[in-house]
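Participant: Contents are mmCIF, C-alpha atoms; file name run_29.cif:
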```cif
data_structure
#
loop_
_atom_site.label_atom_id
_atom_site.label_comp_id
_atom_site.auth_asym_id
_atom_site.auth_seq_id
_atom_site.Cartn_x
_atom_site.Cartn_y
_atom_site.Cartn_z
CA MET A 1 147.26 124.65 146.85
CA VAL A 2 148.43 121.08 147.33
CA GLY A 3 145.70 119.26 149.26
CA ALA A 4 143.24 122.16 149.20
CA LEU A 5 141.49 120.83 146.11
CA GLN A 6 141.57 117.16 147.00
CA ASP A 7 138.14 115.74 146.08
CA ALA A 8 136.78 119.21 145.26
CA GLY A 9 134.11 119.31 142.56
CA VAL A 10 135.31 121.39 139.61
CA VAL A 11 133.56 122.23 136.33
CA VAL A 12 135.46 123.57 133.32
CA THR A 13 133.48 124.63 130.25
CA GLY A 14 135.05 124.69 126.82
CA ALA A 15 137.53 122.13 128.13
CA GLY A 16 137.95 120.05 125.00
CA GLY A 17 141.16 121.92 124.17
CA GLY A 18 143.19 125.07 124.71
CA ILE A 19 142.95 126.93 128.01
CA GLY A 20 140.01 124.84 129.19
CA ALA A 21 141.87 121.57 128.78
CA ALA A 22 144.90 123.04 130.55
CA LEU A 23 142.71 124.14 133.47
CA ALA A 24 141.05 120.71 133.66
CA ARG A 25 144.43 118.97 133.70
CA ARG A 26 145.77 121.26 136.42
CA PHE A 27 142.75 120.89 138.69
CA ALA A 28 142.85 117.11 138.24
CA ALA A 29 146.55 117.09 139.11
CA GLU A 30 145.62 118.76 142.41
CA GLY A 31 143.23 115.92 143.20
CA ALA A 32 139.96 117.55 142.15
CA ARG A 33 137.06 115.69 140.58
CA VAL A 34 136.70 117.47 137.24
CA VAL A 35 133.72 117.74 134.92
CA VAL A 36 135.01 118.36 131.39
CA ASN A 37 132.39 120.24 129.39
CA ASP A 38 132.56 120.98 125.67
CA LEU A 39 130.14 121.23 122.78
CA ASP A 40 132.24 118.60 121.04
CA ALA A 41 131.44 115.38 122.87
CA GLY A 42 134.45 113.57 121.45
CA ARG A 43 136.90 116.19 122.63
CA ALA A 44 135.28 116.34 126.07
CA LYS A 45 135.51 112.57 126.37
CA ALA A 46 139.18 112.51 125.32
CA VAL A 47 140.26 115.06 127.92
CA ALA A 48 138.11 113.45 130.63
CA GLU A 49 139.64 110.04 129.95
CA GLU A 50 143.13 111.52 130.03
CA ILE A 51 142.69 113.13 133.46
CA GLY A 52 140.27 110.69 135.08
CA GLY A 53 137.46 113.24 134.89
CA ILE A 54 133.83 113.14 133.85
CA ALA A 55 132.76 114.24 130.38
CA VAL A 56 129.54 116.25 130.22
CA ALA A 57 129.03 117.43 126.66
CA GLY A 58 126.69 120.24 125.68
CA ASP A 59 126.05 123.95 125.78
CA ALA A 60 127.90 125.78 128.54
CA SER A 61 124.76 127.85 129.19
CA SER A 62 122.89 124.86 130.56
CA VAL A 63 125.57 122.51 131.89
CA VAL A 64 125.21 123.22 135.62
CA PRO A 65 122.41 120.74 136.50
CA ASP A 66 124.13 117.85 134.73
CA ALA A 67 127.50 118.83 136.20
CA VAL A 68 126.03 118.95 139.71
CA ASP A 69 124.60 115.48 139.23
CA ALA A 70 127.89 114.16 137.84
CA LEU A 71 129.74 115.47 140.90
CA GLY A 72 127.29 114.03 143.39
CA GLY A 73 125.55 117.28 144.23
CA THR A 74 128.38 119.72 144.92
CA VAL A 75 130.31 122.12 142.70
CA ASP A 76 133.15 123.89 144.51
CA VAL A 77 134.82 125.63 141.56
CA TYR A 78 133.20 126.68 138.30
CA CYS A 79 135.42 127.76 135.40
CA ALA A 80 133.39 129.70 132.83
CA ASN A 81 135.92 129.19 130.07
CA ALA A 82 133.88 128.50 126.91
CA GLY A 83 134.04 131.38 124.47
CA VAL A 84 133.56 132.40 120.85
CA ALA A 85 135.37 135.00 118.76
CA PHE A 86 133.88 136.70 115.71
CA GLY A 87 136.06 139.17 113.90
CA GLY A 88 135.36 142.45 112.20
CA GLU A 89 132.91 145.23 112.96
CA SER A 90 130.24 142.80 111.84
CA LEU A 91 126.63 143.91 111.97
CA ASP A 92 125.61 140.27 111.59
CA GLU A 93 123.18 140.08 114.48
CA ASN A 94 123.64 136.33 114.77
CA ALA A 95 127.36 136.85 115.45
CA TRP A 96 126.59 139.45 118.09
CA ALA A 97 123.82 137.35 119.67
CA THR A 98 126.03 134.25 119.82
CA SER A 99 128.92 136.25 121.28
CA TRP A 100 126.68 137.75 123.93
CA ASP A 101 125.10 134.39 124.75
CA VAL A 102 128.35 132.41 125.08
CA ASN A 103 130.76 135.05 126.37
CA VAL A 104 128.43 136.72 128.87
CA MET A 105 125.05 135.08 129.42
CA ALA A 106 126.50 131.59 129.91
CA HIS A 107 128.37 133.06 132.89
CA VAL A 108 125.24 134.73 134.21
CA ARG A 109 123.18 131.56 133.90
CA ALA A 110 125.83 129.45 135.60
CA ALA A 111 126.14 131.88 138.51
CA HIS A 112 122.36 132.01 138.89
CA ALA A 113 122.27 128.22 139.13
CA LEU A 114 125.23 127.93 141.52
CA LEU A 115 124.79 130.85 143.91
CA PRO A 116 121.92 129.54 146.07
CA ALA A 117 123.93 126.50 147.21
CA TRP A 118 127.16 128.47 147.49
CA LEU A 119 125.57 131.17 149.60
CA GLU A 120 123.89 128.60 151.83
CA ARG A 121 127.19 126.92 152.66
CA GLY A 122 129.29 130.10 152.53
CA SER A 123 131.81 129.05 149.89
CA GLY A 124 132.27 128.77 146.14
CA ARG A 125 134.72 129.90 143.47
CA PHE A 126 133.77 131.33 140.06
CA VAL A 127 136.55 131.63 137.48
CA SER A 128 135.88 133.61 134.29
CA THR A 129 138.18 133.28 131.30
CA VAL A 130 137.87 136.84 130.05
CA SER A 131 140.91 137.89 127.94
CA ALA A 132 142.95 141.08 127.95
CA ALA A 133 140.41 142.25 125.36
CA GLY A 134 138.00 142.68 128.27
CA LEU A 135 140.41 145.06 130.01
CA LEU A 136 141.70 146.79 126.89
CA THR A 137 140.16 145.92 123.52
CA MET A 138 141.11 144.08 120.34
CA ILE A 139 141.41 145.43 116.82
CA GLY A 140 139.31 143.76 114.17
CA ALA A 141 137.03 141.93 116.58
CA ALA A 142 134.18 144.10 117.79
CA PRO A 143 131.79 141.36 119.01
CA TYR A 144 134.62 139.65 120.91
CA ALA A 145 136.03 142.81 122.50
CA VAL A 146 132.64 144.17 123.54
CA THR A 147 131.32 140.94 125.07
CA LYS A 148 134.59 140.26 126.88
CA HIS A 149 134.15 143.65 128.54
CA GLY A 150 130.76 142.35 129.65
CA ALA A 151 132.27 139.14 131.02
CA LEU A 152 134.74 141.16 133.07
CA ALA A 153 131.98 143.41 134.39
CA PHE A 154 129.95 140.40 135.52
CA ALA A 155 132.93 138.82 137.27
CA GLU A 156 133.56 142.13 139.05
CA TYR A 157 129.92 142.20 140.11
CA LEU A 158 130.17 138.72 141.60
CA SER A 159 133.28 139.66 143.53
CA LEU A 160 132.02 142.93 144.96
CA THR A 161 128.60 141.54 145.81
CA TYR A 162 129.44 138.20 147.40
CA ARG A 163 133.04 138.18 148.65
CA HIS A 164 131.96 138.85 152.25
CA ARG A 165 129.73 135.76 152.01
CA GLY A 166 132.55 133.41 151.07
CA ILE A 167 132.26 133.53 147.28
CA LYS A 168 135.54 134.02 145.41
CA ALA A 169 135.65 135.33 141.83
CA HIS A 170 138.60 135.52 139.45
CA ALA A 171 138.94 137.00 135.96
CA ILE A 172 141.67 135.52 133.77
CA CYS A 173 142.83 138.12 131.24
CA PRO A 174 145.64 136.83 129.00
CA GLN A 175 146.71 138.34 125.71
CA GLY A 176 147.62 135.80 123.04
CA VAL A 177 147.51 132.10 123.94
CA ARG A 178 148.55 129.38 121.49
CA THR A 179 145.15 127.87 120.82
CA ASP A 180 142.81 127.32 117.88
CA MET A 181 141.15 130.63 118.74
CA LEU A 182 144.43 132.49 118.22
CA ASP A 183 144.88 130.79 114.86
CA ALA A 184 141.40 131.98 113.87
CA THR A 185 142.22 135.66 114.54
CA GLY A 186 144.17 135.90 111.29
CA SER A 187 146.41 138.85 110.53
CA ALA A 188 145.11 140.94 113.46
CA GLY A 189 146.11 138.22 115.91
CA ASP A 190 149.44 137.75 114.14
CA LEU A 191 150.19 141.46 114.58
CA VAL A 192 148.98 142.03 118.14
CA LEU A 193 148.87 138.69 119.93
CA ARG A 194 151.17 136.06 118.47
CA PRO A 195 154.54 137.72 119.25
CA THR A 196 153.99 137.32 123.02
CA ALA A 197 151.63 134.32 122.96
CA LEU A 198 151.81 131.89 125.89
CA GLU A 199 150.98 128.23 126.15
CA PRO A 200 147.62 127.27 127.73
CA GLU A 201 149.54 125.67 130.61
CA ASP A 202 151.03 129.10 131.43
CA VAL A 203 147.50 130.47 131.85
CA ALA A 204 146.56 127.63 134.20
CA GLU A 205 149.68 128.27 136.25
CA ALA A 206 148.85 131.99 136.46
CA LEU A 207 145.36 131.14 137.73
CA PHE A 208 146.72 128.94 140.49
CA ARG A 209 149.19 131.63 141.57
CA GLY A 210 146.33 134.13 141.65
CA ILE A 211 144.17 131.80 143.72
CA GLU A 212 146.99 131.29 146.22
CA GLU A 213 147.41 135.08 146.48
CA ASP A 214 143.63 135.67 146.61
CA ARG A 215 143.69 137.98 143.58
CA PHE A 216 140.64 138.81 141.50
CA LEU A 217 142.51 139.84 138.36
CA ILE A 218 144.71 137.13 136.83
CA LEU A 219 147.21 138.52 134.32
CA PRO A 220 149.31 135.80 132.66
CA HIS A 221 150.95 138.65 130.71
CA PRO A 222 152.02 141.02 133.56
CA GLU A 223 152.50 143.94 131.15
CA VAL A 224 148.72 144.10 130.71
CA ALA A 225 148.54 145.82 134.11
CA GLU A 226 150.60 148.71 132.73
CA TYR A 227 148.44 148.95 129.62
CA TYR A 228 145.30 148.94 131.76
CA GLU A 229 146.65 151.73 133.96
CA ALA A 230 147.63 153.79 130.91
CA ARG A 231 144.20 153.29 129.38
CA ALA A 232 142.51 154.57 132.53
CA ALA A 233 144.88 157.47 133.18
CA ARG A 234 145.25 158.75 129.60
CA PRO A 235 142.38 157.40 127.52
CA ASP A 236 142.82 159.67 124.51
CA ARG A 237 146.54 158.91 124.29
CA TRP A 238 145.81 155.21 124.64
CA LEU A 239 143.11 155.30 121.95
CA ALA A 240 145.46 157.15 119.62
CA GLY A 241 148.06 154.44 120.16
CA MET A 242 145.52 151.72 119.42
CA ASN A 243 144.48 153.60 116.29
CA HIS A 244 148.09 153.52 115.09
CA ILE A 245 148.01 149.74 115.48
CA GLN A 246 144.72 149.69 113.57
CA GLN A 247 146.30 151.66 110.74
CA LYS A 248 149.31 149.35 110.67
CA TRP A 249 146.98 146.38 110.40
CA GLU A 250 145.03 148.02 107.56
CA ASP A 251 148.29 148.62 105.69
CA MET A 252 149.11 144.92 106.02
CA ARG A 253 145.86 143.76 104.40
#
```
Translate this structure into C-alpha cells?
Facilitator:
Amino acid sequence: MVGALQDAGVVVTGAGGGIGAALARRFAAEGARVVVNDLDAGRAKAVAEEIGGIAVAGDASSVVPDAVDALGGTVDVYCANAGVAFGGESLDENAWATSWDVNVMAHVRAAHALLPAWLERGSGRFVSTVSAAGLLTMIGAAPYAVTKHGALAFAEYLSLTYRHRGIKAHAICPQGVRTDMLDATGSAGDLVLRPTALEPEDVAEALFRGIEEDRFLILPHPEVAEYYEARAARPDRWLAGMNHIQQKWEDMR
C-alpha cells in the first residue's frame, strides 16, 4: 500500500494504546494524516506526538465531527477500534448498556455520520476491530461476546450494502493480543487467549495484508477460520467442545 495512503485522512478510536496505537502508527508510517482518539486525553496526545498525528480526545461515539474538522473536512479511513470488555454472565444492566454502546452503537453512529460524504464521492473505508469472540464466543465474558457478535453483524451489513458504491468494510477478528484488555480477562484469558497471543503490531500487519487483498474478514490468527467453519458445520459438537473448556476453567477457579 506504499503511496496509496499518502495524505489520506485516517481516524483511529481507542488509539491511546494496544491495537489502536499500533494501527495509528502503521497508518502514519504509510504517510496518512492520523487522528488519534481516546477517552484518555494524555494517552491520545502521547501517541499523536509520537507519530505526528492529531489528538482528538473524547467518546468514540461522537468523535466524527471533530475528527472531520481536524482533518480538513475529509475522512478516508475510519477505524472503529475502541472497545470495552466486561466479564461474567453479569446481569448488571450498566455493564451491558456500556458494552452495547461502545462495542456496537459507536460503530453505527460513526457510519451514520460518515456515509453521506463517502457515498457522494464513491469511496471510504470502515475498519471494525471485532475480535474472534464475534465469530466464535468467549467463556466468562457474556457482554463482550454478545456485543462483538453485533459489531461483526454491523460490519457485514456495511459491506453487503455499500460495496458496489465504493465503500470498503473490514472486520478484524484476532484471538488474544498482548494488551491491557487481555490482562483484564483474568484466568479465562490466561486459559484460552494468552498461549497464542500476538503483539498489537501483528494485528496491524494483518489488516494491511487484508486491505491489499481486498478481504472483509481479517484473521491475525489464521486458525480462527477453521474454528469458524467447524462452528457453522457442526454447532452441537462445537458447543460441546466449548463447554469442556468452560468446565476446565471452572475447575481452575
Participant: For this file, the PyMOL selection byres ((chain A and resi 122) around 8) selects which residues, as a PyMOL selection string?
Facilitator: chain A and resi 118-121+123-124+165-167
Participant: Got a sec to resolve the PyMOL selection byres ((chain A and resi 146-151) around 7) on this structure and send the residues as a tab-separated table (two decimals) with C-alpha atoms, in the coordinates of the input?
Facilitator:
```tsv
chain	number	residue	atom	x	y	z
A	99	SER	CA	128.92	136.25	121.28
A	100	TRP	CA	126.68	137.75	123.93
A	103	ASN	CA	130.76	135.05	126.37
A	104	VAL	CA	128.43	136.72	128.87
A	130	VAL	CA	137.87	136.84	130.05
A	131	SER	CA	140.91	137.89	127.94
A	133	ALA	CA	140.41	142.25	125.36
A	134	GLY	CA	138.00	142.68	128.27
A	135	LEU	CA	140.41	145.06	130.01
A	142	ALA	CA	134.18	144.10	117.79
A	143	PRO	CA	131.79	141.36	119.01
A	144	TYR	CA	134.62	139.65	120.91
A	145	ALA	CA	136.03	142.81	122.50
A	152	LEU	CA	134.74	141.16	133.07
A	153	ALA	CA	131.98	143.41	134.39
A	154	PHE	CA	129.95	140.40	135.52
A	155	ALA	CA	132.93	138.82	137.27
```
Participant: Of the residues A:Arg194, A:His107, A:Arg234, A:Arg33, which is the one nearest to Ala171 (chain A), using all atoms listed in the file?
Facilitator: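 Comparing A:Arg194, A:His107, A:Arg234, A:Arg33 against Ala171 (chain A), the winner is A:His107.
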Participant: Any idea what's packed within 6 Å of Gly53 (chain A), counting all atoms listed in the file, ignoring anything in its chain fewer than 4 positions away? Could you give it as an NGL selection string?
Facilitator: :A and (34-35 or 48)
Participant: Could you name the residues that touch Gly176 (chain A) at 9 Å or less, counting all atoms listed in the file, but leaving out those on the same chain fewer than 5 positions away, as a list in words?
Facilitator: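 That gives Ser131, Ala132, Leu182, Gly189, Val192, Leu193, Arg194, Pro195, Thr196, Ala197, Leu198, Glu199 and His221 of chain A.
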Participant: Rounded to one decimal in Å, what is the spacing between CA of Glu205 (chain A) and CA of Leu217 (chain A)?
Facilitator: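 Answer for the CA of Glu205 (chain A) to CA of Leu217 (chain A) separation: 13.8 Å.
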Participant: With the PyMOL selection byres ((chain A and resi 216) around 10) as the selection, what would be picked from this file? Answer as a PDB file with C-alpha atoms, keeping the file's coordinate frame, please.
Facilitator:
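out_7.pdb, written as the output of this step:
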```
ATOM      1  CA  VAL A 127     136.550 131.630 137.480  1.00  0.00           C
ATOM      2  CA  ALA A 155     132.930 138.820 137.270  1.00  0.00           C
ATOM      3  CA  GLU A 156     133.560 142.130 139.050  1.00  0.00           C
ATOM      4  CA  SER A 159     133.280 139.660 143.530  1.00  0.00           C
ATOM      5  CA  LYS A 168     135.540 134.020 145.410  1.00  0.00           C
ATOM      6  CA  ALA A 169     135.650 135.330 141.830  1.00  0.00           C
ATOM      7  CA  HIS A 170     138.600 135.520 139.450  1.00  0.00           C
ATOM      8  CA  ALA A 171     138.940 137.000 135.960  1.00  0.00           C
ATOM      9  CA  ILE A 172     141.670 135.520 133.770  1.00  0.00           C
ATOM     10  CA  LEU A 207     145.360 131.140 137.730  1.00  0.00           C
ATOM     11  CA  GLY A 210     146.330 134.130 141.650  1.00  0.00           C
ATOM     12  CA  ILE A 211     144.170 131.800 143.720  1.00  0.00           C
ATOM     13  CA  GLU A 213     147.410 135.080 146.480  1.00  0.00           C
ATOM     14  CA  ASP A 214     143.630 135.670 146.610  1.00  0.00           C
ATOM     15  CA  ARG A 215     143.690 137.980 143.580  1.00  0.00           C
ATOM     16  CA  LEU A 217     142.510 139.840 138.360  1.00  0.00           C
ATOM     17  CA  ILE A 218     144.710 137.130 136.830  1.00  0.00           C
ATOM     18  CA  LEU A 219     147.210 138.520 134.320  1.00  0.00           C
TER      19      LEU A 219
END
```
Participant: With all atoms listed in the file as the basis for distance, which of A:Ala85, A:Met105, A:Ala117, A:Ala46 is at the shortest distance from Gly73 (chain A)?
Facilitator: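 Nearest candidate to Gly73 (chain A) out of A:Ala85, A:Met105, A:Ala117, A:Ala46: A:Ala117.
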Participant: Would you mind telling me which residue in A:Glu226, A:Cys79, A:Asp251, A:Ala232 lies nearest to Arg125 (chain A) when using all atoms listed in the file?
Facilitator: A:Cys79
Participant: Using only C-alpha atoms, what residues lie at most 6 Å away from (135.6, 123.9, 141.6) (file coordinates), given as a VMD selection string?
Facilitator: chain A and resid 9 to 11 75 to 78
Participant: Which residues, written as a compact mmCIF listing (two decimals) with C-alpha atoms, in the coordinates of the input, have at least one atom at most 12 Å from Ile245 (chain A), with only C-alpha atoms counted and residues fewer than 5 positions away on the same chain left out?
Facilitator:
```txt
# COMPACT_ATOMS: atom_id res chain seq x y z
CA THR A 137 140.16 145.92 123.52
CA MET A 138 141.11 144.08 120.34
CA ILE A 139 141.41 145.43 116.82
CA GLY A 140 139.31 143.76 114.17
CA ALA A 188 145.11 140.94 113.46
CA GLY A 189 146.11 138.22 115.91
CA LEU A 191 150.19 141.46 114.58
CA VAL A 192 148.98 142.03 118.14
CA LEU A 193 148.87 138.69 119.93
CA TRP A 238 145.81 155.21 124.64
CA LEU A 239 143.11 155.30 121.95
CA ALA A 240 145.46 157.15 119.62
CA GLU A 250 145.03 148.02 107.56
CA ASP A 251 148.29 148.62 105.69
CA MET A 252 149.11 144.92 106.02
```
Participant: Please export region 64-77 of chain A as an mmCIF file, in the first residue's frame, restricted to N, CA and C atoms.
Facilitator:
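As written to disk, out_32.cif reads:
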```cif
data_model
loop_
_atom_site.group_PDB
_atom_site.id
_atom_site.type_symbol
_atom_site.label_atom_id
_atom_site.label_comp_id
_atom_site.auth_asym_id
_atom_site.auth_seq_id
_atom_site.Cartn_x
_atom_site.Cartn_y
_atom_site.Cartn_z
ATOM 1 N N VAL A 64 -16.664 11.840 15.326
ATOM 2 C CA VAL A 64 -16.578 12.098 13.886
ATOM 3 C C VAL A 64 -16.555 13.590 13.540
ATOM 4 N N PRO A 65 -17.459 14.423 14.043
ATOM 5 C CA PRO A 65 -17.404 15.846 13.630
ATOM 6 C C PRO A 65 -16.068 16.509 13.944
ATOM 7 N N ASP A 66 -15.530 16.269 15.139
ATOM 8 C CA ASP A 66 -14.245 16.877 15.498
ATOM 9 C C ASP A 66 -13.116 16.301 14.660
ATOM 10 N N ALA A 67 -13.194 15.009 14.357
ATOM 11 C CA ALA A 67 -12.156 14.383 13.527
ATOM 12 C C ALA A 67 -12.193 14.931 12.104
ATOM 13 N N VAL A 68 -13.385 15.115 11.574
ATOM 14 C CA VAL A 68 -13.522 15.694 10.229
ATOM 15 C C VAL A 68 -12.907 17.086 10.193
ATOM 16 N N ASP A 69 -13.198 17.882 11.199
ATOM 17 C CA ASP A 69 -12.611 19.222 11.265
ATOM 18 C C ASP A 69 -11.095 19.164 11.357
ATOM 19 N N ALA A 70 -10.585 18.261 12.184
ATOM 20 C CA ALA A 70 -9.139 18.154 12.383
ATOM 21 C C ALA A 70 -8.424 17.750 11.103
ATOM 22 N N LEU A 71 -9.117 16.992 10.251
ATOM 23 C CA LEU A 71 -8.520 16.520 9.002
ATOM 24 C C LEU A 71 -8.847 17.420 7.813
ATOM 25 N N GLY A 72 -9.438 18.551 8.074
ATOM 26 C CA GLY A 72 -9.719 19.485 6.992
ATOM 27 C C GLY A 72 -10.910 19.124 6.152
ATOM 28 N N GLY A 73 -11.816 18.307 6.709
ATOM 29 C CA GLY A 73 -13.067 18.036 6.018
ATOM 30 C C GLY A 73 -13.225 16.664 5.409
ATOM 31 N N THR A 74 -12.159 15.851 5.400
ATOM 32 C CA THR A 74 -12.250 14.561 4.722
ATOM 33 C C THR A 74 -11.682 13.432 5.577
ATOM 34 N N VAL A 75 -12.488 12.403 5.796
ATOM 35 C CA VAL A 75 -12.037 11.163 6.414
ATOM 36 C C VAL A 75 -12.070 10.079 5.339
ATOM 37 N N ASP A 76 -10.936 9.461 5.088
ATOM 38 C CA ASP A 76 -10.858 8.395 4.089
ATOM 39 C C ASP A 76 -10.977 7.007 4.712
ATOM 40 N N VAL A 77 -10.425 6.853 5.904
ATOM 41 C CA VAL A 77 -10.442 5.567 6.610
ATOM 42 C C VAL A 77 -10.858 5.819 8.045
#
```
